[in-house]
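**Q** Once you've had a glance at the structure underneath, I'll fire off some questions.
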Amino acid sequence: MDATTNTPVPTRRNFFKETLAAALGMVVAVIPGLAGLAVFLDPLRRQGAAGGRLIRVAAIGAIPADGTPAKFAVVADKTDAWNKFTETPVGAVYLRRVGADKIVALNVVCPHAGCFVSLQKSGKDFLCPCHDSRFELDGRVTSPSSPSPRGLDSLEVEIRKDEIWVHFQNFQPGKREKVPVG
Ligand code: FES
């Protein structure tokens, strides 16, 4: 304390205390921003323009070169109101090679009422066992007697360093248009 002016004289200890408090304040302010950035950059959480959740599904080498579709589970972390489940199957897709570096993805869920379609033994089309909807390899409905109101739901694909990532999502059954679930 300055006896002549009655004002406190800054001490070295005060200087360090104030500097430390300012530094801590900055850390507290920056951490939420960094956490938000991490969430934004996490590919599992990213919602691209294509919609859906971007999930790594397979290595490109696992897709048959002859254009035969191959089925893969879609595995990701899943959270409900109470729990977080890691590496849980959240769906499945058929991946098909249509060019050297071009892969298409179809959701295995039948758009009629939600059963799972499977590739016929011939490898030339898909069949839904519940009510006999049939689909071409590109997902189109093959026969007018198929009750499915639309073709199989295609999903956006990204190839990154020889790995296939799919914008995975489900769509409401029983509708002519693709309406995302949730
Ligand atoms: S659920 Fe596939 S045809 Fe009915």
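Identifiers in the structure tokens: chain A, B, ... in order shown; residue index from 1 per chain; ligand index from 1 in order shown.
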Would you write out, as JSON lines, a table of all residues in chain A that have an atom no more than 7 Å from an atom of ligand 1, listing for each the closest atom pair and the distance in Å to one decimal, considering only C-alpha atoms and all ligand atoms and ordering rows by chain and rising residue number?
**A**
```
{"residue": "A:Cys110", "atom": "CA", "partner": "ligand 1", "partner_atom_place_in_ligand_line": "2 (Fe)", "distance": 4.7}
{"residue": "A:Pro111", "atom": "CA", "partner": "ligand 1", "partner_atom_place_in_ligand_line": "2 (Fe)", "distance": 6.6}
{"residue": "A:His112", "atom": "CA", "partner": "ligand 1", "partner_atom_place_in_ligand_line": "1 (S)", "distance": 4.6}
{"residue": "A:Ala113", "atom": "CA", "partner": "ligand 1", "partner_atom_place_in_ligand_line": "1 (S)", "distance": 3.8}
{"residue": "A:Gly114", "atom": "CA", "partner": "ligand 1", "partner_atom_place_in_ligand_line": "1 (S)", "distance": 5.0}
{"residue": "A:Cys115", "atom": "CA", "partner": "ligand 1", "partner_atom_place_in_ligand_line": "1 (S)", "distance": 4.5}
{"residue": "A:Val117", "atom": "CA", "partner": "ligand 1", "partner_atom_place_in_ligand_line": "2 (Fe)", "distance": 6.9}
{"residue": "A:Cys128", "atom": "CA", "partner": "ligand 1", "partner_atom_place_in_ligand_line": "2 (Fe)", "distance": 4.6}
{"residue": "A:Pro129", "atom": "CA", "partner": "ligand 1", "partner_atom_place_in_ligand_line": "2 (Fe)", "distance": 6.5}
{"residue": "A:Cys130", "atom": "CA", "partner": "ligand 1", "partner_atom_place_in_ligand_line": "4 (Fe)", "distance": 4.9}
{"residue": "A:His131", "atom": "CA", "partner": "ligand 1", "partner_atom_place_in_ligand_line": "3 (S)", "distance": 3.8}
{"residue": "A:Asp132", "atom": "CA", "partner": "ligand 1", "partner_atom_place_in_ligand_line": "3 (S)", "distance": 5.0}
{"residue": "A:Ser133", "atom": "CA", "partner": "ligand 1", "partner_atom_place_in_ligand_line": "3 (S)", "distance": 4.3}
{"residue": "A:Ser146", "atom": "CA", "partner": "ligand 1", "partner_atom_place_in_ligand_line": "3 (S)", "distance": 6.7}
{"residue": "A:Pro147", "atom": "CA", "partner": "ligand 1", "partner_atom_place_in_ligand_line": "3 (S)", "distance": 5.7}
{"residue": "A:Ser148", "atom": "CA", "partner": "ligand 1", "partner_atom_place_in_ligand_line": "3 (S)", "distance": 5.7}
```
**Q** Excluding A:Asn107 and any residue of its chain fewer than 2 positions from it, enumerate the residues within 6 Å of it, using only C-alpha atoms, and give them as a ChimeraX atom specification.
**A** /A:93,109,153
**Q** Using only C-alpha atoms, determine which residues lie at most 8 Å from A:Phe171, disregarding the query and same-chain residues fewer than 2 positions distant; provide the list as a list in words.
**A**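 In the requested form, the answer reads Pro111, Asp153, Gln169, Pro173, Lys178, Val179, Pro180 and Val181 of chain A.
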**Q** Taking N, CA, C and O atoms for each residue, export the selection above as a CSV table (one decimal), in the first residue's frame.
**A**
```csv
chain,number,residue,atom,x,y,z
A,111,PRO,N,-38.8,-51.1,-49.0
A,111,PRO,CA,-39.6,-50.0,-48.8
A,111,PRO,C,-41.1,-50.3,-48.6
A,111,PRO,O,-41.9,-49.4,-48.4
A,153,ASP,N,-33.8,-48.2,-51.5
A,153,ASP,CA,-33.3,-46.8,-51.2
A,153,ASP,C,-31.8,-46.8,-51.4
A,153,ASP,O,-31.0,-47.4,-50.7
A,169,GLN,N,-28.8,-43.9,-43.8
A,169,GLN,CA,-30.0,-43.6,-43.2
A,169,GLN,C,-31.1,-44.5,-43.6
A,169,GLN,O,-31.0,-45.2,-44.6
A,173,PRO,N,-41.2,-46.6,-44.7
A,173,PRO,CA,-41.8,-47.6,-45.6
A,173,PRO,C,-43.2,-47.1,-46.0
A,173,PRO,O,-43.8,-46.3,-45.4
A,178,LYS,N,-38.9,-41.0,-51.0
A,178,LYS,CA,-38.0,-41.4,-49.9
A,178,LYS,C,-38.1,-40.3,-48.8
A,178,LYS,O,-37.7,-39.1,-49.0
A,179,VAL,N,-38.7,-40.6,-47.7
A,179,VAL,CA,-38.8,-39.7,-46.5
A,179,VAL,C,-37.9,-40.2,-45.4
A,179,VAL,O,-38.2,-41.3,-44.9
A,180,PRO,N,-36.9,-39.5,-45.1
A,180,PRO,CA,-35.9,-40.0,-44.0
A,180,PRO,C,-36.7,-40.2,-42.7
A,180,PRO,O,-37.6,-39.5,-42.3
A,181,VAL,N,-36.2,-41.3,-42.0
A,181,VAL,CA,-36.8,-41.6,-40.7
A,181,VAL,C,-36.0,-40.7,-39.6
A,181,VAL,O,-34.8,-40.7,-39.7
```
**Q** Among stretch 129-179 of chain A, which residues carry a DSSP assignment of strand (DSSP E or B), reported as a tab-separated table (two decimals) with N, CA, C and O atoms, in the first residue's frame?
**A**
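Final output, saved to result-v1.tsv:
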```tsv
chain	number	residue	atom	x	y	z
A	134	ARG	N	-39.78	-57.65	-55.78
A	134	ARG	CA	-38.53	-57.98	-56.48
A	134	ARG	C	-37.91	-56.70	-57.03
A	134	ARG	O	-38.62	-55.81	-57.49
A	135	PHE	N	-36.59	-56.67	-56.99
A	135	PHE	CA	-35.86	-55.45	-57.38
A	135	PHE	C	-34.68	-55.80	-58.26
A	135	PHE	O	-34.00	-56.81	-58.05
A	136	GLU	N	-34.43	-54.91	-59.25
A	136	GLU	CA	-33.21	-55.04	-60.08
A	136	GLU	C	-31.99	-54.79	-59.22
A	136	GLU	O	-32.08	-54.24	-58.11
A	141	VAL	N	-37.88	-51.49	-58.95
A	141	VAL	CA	-38.86	-52.57	-58.81
A	141	VAL	C	-38.96	-53.29	-60.15
A	141	VAL	O	-39.08	-52.65	-61.21
A	154	SER	N	-31.40	-45.94	-52.38
A	154	SER	CA	-29.97	-45.74	-52.62
A	154	SER	C	-29.41	-44.78	-51.57
A	154	SER	O	-30.13	-43.93	-51.04
A	155	LEU	N	-28.13	-44.94	-51.30
A	155	LEU	CA	-27.45	-44.11	-50.31
A	155	LEU	C	-26.19	-43.52	-50.94
A	155	LEU	O	-25.56	-44.17	-51.78
A	157	VAL	N	-22.43	-42.47	-51.48
A	157	VAL	CA	-21.17	-43.17	-51.14
A	157	VAL	C	-20.00	-42.21	-51.31
A	157	VAL	O	-19.97	-41.40	-52.23
A	158	GLU	N	-19.02	-42.31	-50.41
A	158	GLU	CA	-17.75	-41.59	-50.57
A	158	GLU	C	-16.63	-42.61	-50.49
A	158	GLU	O	-16.66	-43.49	-49.62
A	159	ILE	N	-15.64	-42.49	-51.38
A	159	ILE	CA	-14.46	-43.36	-51.29
A	159	ILE	C	-13.30	-42.52	-50.80
A	159	ILE	O	-12.96	-41.50	-51.39
A	160	ARG	N	-12.73	-42.95	-49.68
A	160	ARG	CA	-11.62	-42.21	-49.06
A	160	ARG	C	-10.49	-43.19	-48.82
A	160	ARG	O	-10.66	-44.12	-48.02
A	163	GLU	N	-11.28	-46.79	-48.88
A	163	GLU	CA	-12.32	-47.24	-47.96
A	163	GLU	C	-13.65	-46.64	-48.37
A	163	GLU	O	-13.70	-45.49	-48.83
A	164	ILE	N	-14.70	-47.43	-48.20
A	164	ILE	CA	-16.02	-46.98	-48.63
A	164	ILE	C	-16.79	-46.47	-47.41
A	164	ILE	O	-16.96	-47.18	-46.42
A	165	TRP	N	-17.24	-45.24	-47.52
A	165	TRP	CA	-18.05	-44.60	-46.48
A	165	TRP	C	-19.43	-44.36	-47.07
A	165	TRP	O	-19.55	-43.93	-48.22
A	166	VAL	N	-20.44	-44.61	-46.28
A	166	VAL	CA	-21.82	-44.47	-46.76
A	166	VAL	C	-22.55	-43.46	-45.87
A	166	VAL	O	-22.42	-43.50	-44.65
A	167	HIS	N	-23.32	-42.59	-46.52
A	167	HIS	CA	-24.22	-41.70	-45.77
A	167	HIS	C	-25.44	-42.54	-45.42
A	167	HIS	O	-26.40	-42.60	-46.18
A	168	PHE	N	-25.37	-43.19	-44.27
A	168	PHE	CA	-26.40	-44.18	-43.94
A	168	PHE	C	-27.63	-43.54	-43.32
A	168	PHE	O	-27.53	-42.72	-42.40
A	171	PHE	N	-35.41	-44.89	-44.42
A	171	PHE	CA	-36.50	-44.09	-44.96
A	171	PHE	C	-37.82	-44.74	-44.58
A	171	PHE	O	-37.89	-45.96	-44.37
```
**Q** I'd like the neighbourhood of A:Val90 as a VMD selection string, where a residue qualifies if any of its atoms comes within 9 Å (using only C-alpha atoms), though same-chain residues fewer than 4 positions away should be ignored.
**A** chain A and resid 73 to 78
**Q** Determine the nearest neighbour of A:Lys124 from the options A:Thr79, A:Pro89, A:Gly174, A:Asp66, counting only C-alpha atoms.
**A**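 Ranking A:Thr79, A:Pro89, A:Gly174, A:Asp66 by distance to A:Lys124, first place goes to A:Asp66.
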